[in-house]
Amino acid sequence: MRRSFTEVLRQESPFSLAREALWRTRKGWHRNRLLSRLNEEPCPVKFRKLGYYASGAPDIEATSRALITAYADEICEGRFPFLGYGTQQLGHEPKWNYDFVSGLEWPQTPLKDHDGIRFDGSDIKVPYELSRLQFLPILGKAHILTGGQRYRESAKRLLAHWIEKNPVGTGVNWSIAMEAGLRAMSICLMLDLMWPLWPDEADWLSSVTRCLWQHMLYIEAHIEFSHLVSSNHYLSNVVGLFCLAEFLDGSKMAAKRKLYRQLVEAELLRQVYADGGDYEASTGYHALVTQMFTSVLLLMRATATVPDPRFLERLRRMYGMMDQLASASGQIPQVGDCDDGRVELLLDDLQQMLVLPVVERTSLRLSNLLGIGKCLFGGRRGSTEDARWYGLTESRTESSSRVATTQSSGQKVAVFPDFGTTIASAEDVDVLFFAIPNGIRGKGSHTHNDKLSFVLRLDGEEVLCDSGTATYTRDPKLRNRFRATSAHNTIVVDGQEQNTIDSGPTGLFWIGNEAEVSPIEHWREDGQVVLRASHSGYKRLGVTHTRTIRLPQRECRAVVEDQLGGCGVHRFEINLQLAPNWKVSSIDNVDSEIRVRASGSREVEIVFSGTHDAYGQEEESSISMCYGTQTPSKRLRFWGESTLPALLTTTFGWTATASRTSDRPLRWEATNDATKQC
């Protein structure tokens, strides 16, 4: 998904535009040449076992085995669990072109991406998600753990049915190369788990190998490359092609392995800042991209390929940033778009899909992904259960990232200057402050209007949270509401957006680039950590917004100061999104202050002051912790008018007694009831 191409063109030099025009001219010829080979006889490649996974069943806990087999049992019964949609009864021969939420289907005709997005209440991501086939490796793992043939047969049957119903180039699941890349990886990983195949499976393997060859040609023919914009879409293309080149053996495959490895390594240095942050301005896409690069590293490991040291170091820093962002339970905060994208389903995903109701799930509970990073590079967070499938053991080295970390008297500050994020911690509180540049240097499509927003955590539990994403194309109004300035814990001035948002359907993956952010400054002053940043999103109104956050030492409070610079009278609105398990018990106006009491695991008092002409109220709201879902919640809204310059202050104070149950991991009891919660 990319922003308006016309808007991108306005930012480019004549040389860049000429180079892009030449590439697009050649692309059509290149596509036709590749597609002419789709039905080449005999198939010029064979599948080869790599050892991506360690041989044999890993030594994992009984609860992990139970999760894998319970999920696989659901698939065998025709029930397909999804993180955001719940478990769907789709049968043993699913409709692969069907949006089971809206009840709408896509025709079995050649489609391009813009044809598949129809703005009729359907969401193309539903068939995409099913056809990524990420249940196949789980069936392979269940087969290894139990020896049960039903898992092997179910994987074979479902894949054969998908191939039959989705001829290459036809239908919604062949509309973009990204989906083909992720799907091809699922197939390759499943075969790696099921190897060696039996003699009576030869015809099936031949059909699957031809399908993988067609995936390679299709991706190469429709590669989502541009000299102007490079995103996770193109990355998924070259990662998928590298995976295919490694697993397929034949003429020119060795050259392809080298080419696509070099392209992946170059893309990491392009798309990931020096401090380890993904440049699409999204923690959800940071997690997806990290998993893509990790899969490449594991493929290199399986083939004894030595990665570029710069690739290793930058990936180490990606994990280092997630490690700093994560709570003790391995959950990182939502920032920017998040559509639950994965390369492989890990135990955190299976656990939530089988244990929790949809409204309590979060797509960014990443303990096992962090655990893989801990084994590869070192780190503080994460379960190493999934890592054992790759033969990884916990590293004793410390994780490294380009992060300025200071610690004094129980206070800690971690700064990611390029990604525009600072985490200040003191005993049981974390303040995560975001001044993230607009994605892809102003060209990105996954940016939200969240400049100078922050997340407040007590005992690892979010008190103030980000609103999330909810949807992309199913509901344009909902899409824009969740990425608007008012959906984030920051200030709206005169009812305007920080970056302009096109309210029409064609603007759903476009956002303006007005809000440039300053680097986050941090220092210590009178026993407190001080963070400060500003943005230029209201420059057209003659207003600047500077936010200062103070975290005093050994005090149960945090202070947020919003300085509005300029002149004249302007309207302001401060929104604070409460996490769903936090409730407002009272709101009072006391001596020109608005005092709010909220309760969750503790009691929190929020005091707003700064102008006599101010109002405050609790409002109904909702957050989206998984794509496609909304959870009812509350938000606080303070609003009024003030002559500028003005200083608005919001103070948060909380009780000293903590309940630490929120950081206990979800537990799974081995049982035949796949929905039991313990």
# chains A, B, ... in the order shown; residues from 1 in each chain; ligands from 1

$ closest_atom_pairs --of "range 281-372 of chain A" --to "range 234-248 of chain A" --cutoff "9 Å" --atoms "only C-alpha atoms" --output "Markdown table"
| residue | atom | partner | partner_atom | distance |
| --- | --- | --- | --- | --- |
| A:Val289 | CA | A:Leu235 | CA | 8.0 |
| A:Met292 | CA | A:Val239 | CA | 6.8 |
| A:Phe293 | CA | A:Val239 | CA | 7.7 |
| A:Ser295 | CA | A:Val239 | CA | 8.3 |
| A:Val296 | CA | A:Val239 | CA | 6.8 |
| A:Leu299 | CA | A:Cys243 | CA | 7.3 |
| A:Met300 | CA | A:Glu246 | CA | 8.9 |
| A:Thr303 | CA | A:Glu246 | CA | 8.3 |

$ residues_around --residues "range 521-525 of chain A" --least-positions-apart "3" --cutoff "10 Å" --atoms "only C-alpha atoms" --output "PyMOL selection string"
chain A and resi 406+408+413-415+417+422+424+518+528-534+548-553

$ write_last_selection --atoms "N, CA and C atoms" --output "short mmCIF file (atom, residue, chain, number, x, y, z; two decimals), in the first residue's frame"
data_model
loop_
_atom_site.label_atom_id
_atom_site.label_comp_id
_atom_site.auth_asym_id
_atom_site.auth_seq_id
_atom_site.Cartn_x
_atom_site.Cartn_y
_atom_site.Cartn_z
N THR A 406 20.99 5.96 29.43
CA THR A 406 21.57 6.47 30.67
C THR A 406 20.76 5.97 31.84
N SER A 408 20.36 6.39 36.25
CA SER A 408 20.78 7.07 37.47
C SER A 408 19.69 6.95 38.52
N VAL A 413 16.85 6.02 30.80
CA VAL A 413 16.39 6.67 29.58
C VAL A 413 17.05 5.98 28.39
N ALA A 414 16.22 5.52 27.46
CA ALA A 414 16.72 4.92 26.21
C ALA A 414 16.24 5.79 25.06
N VAL A 415 17.17 6.24 24.22
CA VAL A 415 16.86 7.20 23.15
C VAL A 415 17.17 6.57 21.80
N PRO A 417 17.28 8.13 18.35
CA PRO A 417 17.18 9.46 17.73
C PRO A 417 16.62 9.45 16.32
N THR A 422 11.76 7.90 22.61
CA THR A 422 12.51 7.85 23.86
C THR A 422 11.67 7.16 24.91
N ALA A 424 11.52 6.59 28.93
CA ALA A 424 11.99 6.97 30.26
C ALA A 424 11.31 6.08 31.28
N SER A 518 11.17 17.69 15.63
CA SER A 518 12.53 17.95 16.10
C SER A 518 13.05 16.70 16.79
N GLN A 528 14.98 14.89 38.17
CA GLN A 528 13.95 14.39 37.27
C GLN A 528 14.51 14.25 35.85
N VAL A 529 13.94 13.28 35.12
CA VAL A 529 14.25 13.14 33.71
C VAL A 529 13.34 14.08 32.93
N VAL A 530 13.91 14.81 31.97
CA VAL A 530 13.13 15.74 31.17
C VAL A 530 13.30 15.37 29.69
N LEU A 531 12.17 15.25 28.98
CA LEU A 531 12.15 14.97 27.55
C LEU A 531 11.44 16.13 26.85
N ARG A 532 11.91 16.51 25.66
CA ARG A 532 11.27 17.63 24.96
C ARG A 532 11.42 17.47 23.45
N ALA A 533 10.33 17.78 22.73
CA ALA A 533 10.36 17.78 21.26
C ALA A 533 9.26 18.70 20.76
N SER A 534 9.31 19.04 19.47
CA SER A 534 8.28 19.89 18.87
C SER A 534 8.01 19.41 17.46
N THR A 548 6.92 18.93 26.63
CA THR A 548 7.95 18.57 27.60
C THR A 548 7.34 17.57 28.58
N ILE A 549 8.03 16.48 28.80
CA ILE A 549 7.57 15.46 29.76
C ILE A 549 8.61 15.36 30.86
N ARG A 550 8.14 15.44 32.10
CA ARG A 550 9.02 15.37 33.26
C ARG A 550 8.66 14.13 34.09
N LEU A 551 9.69 13.36 34.43
CA LEU A 551 9.49 12.17 35.25
C LEU A 551 10.37 12.31 36.49
N PRO A 552 9.78 12.79 37.61
CA PRO A 552 10.57 13.00 38.83
C PRO A 552 11.07 11.69 39.43
N GLN A 553 12.20 11.78 40.09
CA GLN A 553 12.79 10.62 40.74
C GLN A 553 12.05 10.30 42.03
#

$ residues_around --residues "Gly86 in chain A" --least-positions-apart "4" --cutoff "12 Å" --atoms "only C-alpha atoms" --output "PyMOL selection string"
chain A and resi 79-82+100-101+349-350+352-361+626-629+675

$ residues_around --residues "range 110-120 of chain A" --least-positions-apart "3" --cutoff "6 Å" --atoms "only C-alpha atoms" --output "MDAnalysis selection string"
chainID A and resid 169:171 175:176

$ write_last_selection --atoms "C-alpha atoms" --output "CSV table (one decimal), in the first residue's frame"
chain,number,residue,atom,x,y,z
A,169,GLY,CA,-2.2,-15.0,-12.4
A,170,THR,CA,-6.0,-15.5,-11.8
A,171,GLY,CA,-8.0,-14.2,-8.9
A,175,SER,CA,-3.1,-9.4,-7.4
A,176,ILE,CA,0.2,-8.3,-5.8

$ select_by_dssp --residues "range 416-664 of chain A" --states "alpha helix (DSSP H)" --output "MDAnalysis selection string"
chainID A and resid 439:442 476:483

$ closest_residue --among "A:Ser329, A:Thr649, A:Gln214, A:Gln334" --to "Ser383 in chain A" --atoms "only C-alpha atoms"
A:Ser329

$ atom_distance --atom1 "CA of Ile223 in chain A" --atom2 "CA of Glu40 in chain A"
20.5 Å

$ decode --residues "range 446-543 of chain A" --atoms "C-alpha atoms" --output "PDB file, in the first residue's frame"
ATOM      1  CA  HIS A 446       1.536   3.890   7.280  1.00  0.00           C
ATOM      2  CA  THR A 447       2.106   7.123   9.224  1.00  0.00           C
ATOM      3  CA  HIS A 448      -0.499   8.329  11.720  1.00  0.00           C
ATOM      4  CA  ASN A 449      -0.942  11.866  13.007  1.00  0.00           C
ATOM      5  CA  ASP A 450       0.688  10.967  16.318  1.00  0.00           C
ATOM      6  CA  LYS A 451       3.427  13.587  16.665  1.00  0.00           C
ATOM      7  CA  LEU A 452       4.394  14.118  20.320  1.00  0.00           C
ATOM      8  CA  SER A 453       1.997  11.415  21.478  1.00  0.00           C
ATOM      9  CA  PHE A 454       3.019   9.224  24.384  1.00  0.00           C
ATOM     10  CA  VAL A 455       2.132   5.961  26.093  1.00  0.00           C
ATOM     11  CA  LEU A 456       2.075   5.619  29.893  1.00  0.00           C
ATOM     12  CA  ARG A 457       2.662   2.187  31.455  1.00  0.00           C
ATOM     13  CA  LEU A 458       2.398   1.188  35.111  1.00  0.00           C
ATOM     14  CA  ASP A 459       3.811  -2.223  36.062  1.00  0.00           C
ATOM     15  CA  GLY A 460       4.054  -3.013  32.353  1.00  0.00           C
ATOM     16  CA  GLU A 461       0.345  -2.349  31.784  1.00  0.00           C
ATOM     17  CA  GLU A 462      -0.694   0.478  29.474  1.00  0.00           C
ATOM     18  CA  VAL A 463      -2.773   3.172  31.173  1.00  0.00           C
ATOM     19  CA  LEU A 464      -2.720   5.560  28.203  1.00  0.00           C
ATOM     20  CA  CYS A 465      -2.405   3.754  24.891  1.00  0.00           C
ATOM     21  CA  ASP A 466      -2.419   4.302  21.147  1.00  0.00           C
ATOM     22  CA  SER A 467      -5.739   3.801  19.369  1.00  0.00           C
ATOM     23  CA  GLY A 468      -4.394   1.321  16.794  1.00  0.00           C
ATOM     24  CA  THR A 469      -5.545   0.833  13.198  1.00  0.00           C
ATOM     25  CA  ALA A 470      -8.926  -0.990  13.027  1.00  0.00           C
ATOM     26  CA  THR A 471      -9.180  -1.231   9.228  1.00  0.00           C
ATOM     27  CA  TYR A 472      -7.795  -0.132   5.890  1.00  0.00           C
ATOM     28  CA  THR A 473     -10.313  -0.164   3.043  1.00  0.00           C
ATOM     29  CA  ARG A 474     -13.451  -1.745   4.508  1.00  0.00           C
ATOM     30  CA  ASP A 475     -14.589   1.542   6.072  1.00  0.00           C
ATOM     31  CA  PRO A 476     -12.806   4.724   4.862  1.00  0.00           C
ATOM     32  CA  LYS A 477     -14.308   6.909   7.607  1.00  0.00           C
ATOM     33  CA  LEU A 478     -13.167   4.498  10.302  1.00  0.00           C
ATOM     34  CA  ARG A 479      -9.730   4.264   8.718  1.00  0.00           C
ATOM     35  CA  ASN A 480      -9.309   8.031   8.847  1.00  0.00           C
ATOM     36  CA  ARG A 481     -10.677   8.311  12.390  1.00  0.00           C
ATOM     37  CA  PHE A 482      -8.058   5.927  13.730  1.00  0.00           C
ATOM     38  CA  ARG A 483      -5.137   7.704  12.079  1.00  0.00           C
ATOM     39  CA  ALA A 484      -6.349  11.240  12.883  1.00  0.00           C
ATOM     40  CA  THR A 485      -4.649  13.527  15.403  1.00  0.00           C
ATOM     41  CA  SER A 486      -7.607  13.272  17.804  1.00  0.00           C
ATOM     42  CA  ALA A 487      -7.102   9.493  18.047  1.00  0.00           C
ATOM     43  CA  HIS A 488      -3.711   9.996  19.714  1.00  0.00           C
ATOM     44  CA  ASN A 489      -2.461  11.358  23.020  1.00  0.00           C
ATOM     45  CA  THR A 490      -1.485  14.762  21.684  1.00  0.00           C
ATOM     46  CA  ILE A 491      -2.951  18.216  20.884  1.00  0.00           C
ATOM     47  CA  VAL A 492      -5.328  19.283  18.112  1.00  0.00           C
ATOM     48  CA  VAL A 493      -5.206  23.024  17.283  1.00  0.00           C
ATOM     49  CA  ASP A 494      -8.183  24.770  15.664  1.00  0.00           C
ATOM     50  CA  GLY A 495      -9.643  21.404  14.674  1.00  0.00           C
ATOM     51  CA  GLN A 496      -6.846  20.829  12.138  1.00  0.00           C
ATOM     52  CA  GLU A 497      -4.761  17.722  11.423  1.00  0.00           C
ATOM     53  CA  GLN A 498      -1.000  17.662  12.011  1.00  0.00           C
ATOM     54  CA  ASN A 499      -0.588  16.273   8.490  1.00  0.00           C
ATOM     55  CA  THR A 500      -3.381  16.703   5.962  1.00  0.00           C
ATOM     56  CA  ILE A 501      -5.555  13.650   5.362  1.00  0.00           C
ATOM     57  CA  ASP A 502      -7.400  13.111   2.084  1.00  0.00           C
ATOM     58  CA  SER A 503     -10.880  11.990   3.166  1.00  0.00           C
ATOM     59  CA  GLY A 504     -11.632  10.278  -0.149  1.00  0.00           C
ATOM     60  CA  PRO A 505     -11.144   6.548  -0.774  1.00  0.00           C
ATOM     61  CA  THR A 506      -8.047   7.133  -2.889  1.00  0.00           C
ATOM     62  CA  GLY A 507      -6.372   8.897   0.039  1.00  0.00           C
ATOM     63  CA  LEU A 508      -6.482   5.973   2.485  1.00  0.00           C
ATOM     64  CA  PHE A 509      -2.779   5.291   1.957  1.00  0.00           C
ATOM     65  CA  TRP A 510      -1.706   8.876   1.609  1.00  0.00           C
ATOM     66  CA  ILE A 511      -0.972  11.455   4.279  1.00  0.00           C
ATOM     67  CA  GLY A 512       0.603  14.902   4.064  1.00  0.00           C
ATOM     68  CA  ASN A 513       4.115  15.764   5.159  1.00  0.00           C
ATOM     69  CA  GLU A 514       3.596  19.054   7.002  1.00  0.00           C
ATOM     70  CA  ALA A 515       4.497  17.851  10.502  1.00  0.00           C
ATOM     71  CA  GLU A 516       8.271  17.777  10.718  1.00  0.00           C
ATOM     72  CA  VAL A 517       9.520  16.773  14.155  1.00  0.00           C
ATOM     73  CA  SER A 518      12.526  17.951  16.098  1.00  0.00           C
ATOM     74  CA  PRO A 519      14.903  15.464  17.745  1.00  0.00           C
ATOM     75  CA  ILE A 520      13.835  14.528  21.258  1.00  0.00           C
ATOM     76  CA  GLU A 521      16.047  16.314  23.754  1.00  0.00           C
ATOM     77  CA  HIS A 522      16.632  14.662  27.125  1.00  0.00           C
ATOM     78  CA  TRP A 523      18.419  15.758  30.269  1.00  0.00           C
ATOM     79  CA  ARG A 524      18.293  15.539  34.047  1.00  0.00           C
ATOM     80  CA  GLU A 525      17.200  18.473  36.132  1.00  0.00           C
ATOM     81  CA  ASP A 526      16.536  18.661  39.880  1.00  0.00           C
ATOM     82  CA  GLY A 527      16.262  14.901  40.235  1.00  0.00           C
ATOM     83  CA  GLN A 528      13.950  14.388  37.267  1.00  0.00           C
ATOM     84  CA  VAL A 529      14.252  13.137  33.705  1.00  0.00           C
ATOM     85  CA  VAL A 530      13.132  15.743  31.169  1.00  0.00           C
ATOM     86  CA  LEU A 531      12.146  14.975  27.548  1.00  0.00           C
ATOM     87  CA  ARG A 532      11.274  17.627  24.960  1.00  0.00           C
ATOM     88  CA  ALA A 533      10.362  17.783  21.265  1.00  0.00           C
ATOM     89  CA  SER A 534       8.283  19.893  18.869  1.00  0.00           C
ATOM     90  CA  HIS A 535       6.620  19.607  15.463  1.00  0.00           C
ATOM     91  CA  SER A 536       5.666  22.004  12.657  1.00  0.00           C
ATOM     92  CA  GLY A 537       2.284  20.559  11.714  1.00  0.00           C
ATOM     93  CA  TYR A 538       0.422  23.736  12.719  1.00  0.00           C
ATOM     94  CA  LYS A 539       2.847  26.158  11.084  1.00  0.00           C
ATOM     95  CA  ARG A 540       0.131  27.045   8.548  1.00  0.00           C
ATOM     96  CA  LEU A 541      -1.921  28.320  11.516  1.00  0.00           C
ATOM     97  CA  GLY A 542       0.992  30.320  12.910  1.00  0.00           C
ATOM     98  CA  VAL A 543       1.260  27.885  15.844  1.00  0.00           C
TER      99      VAL A 543
END
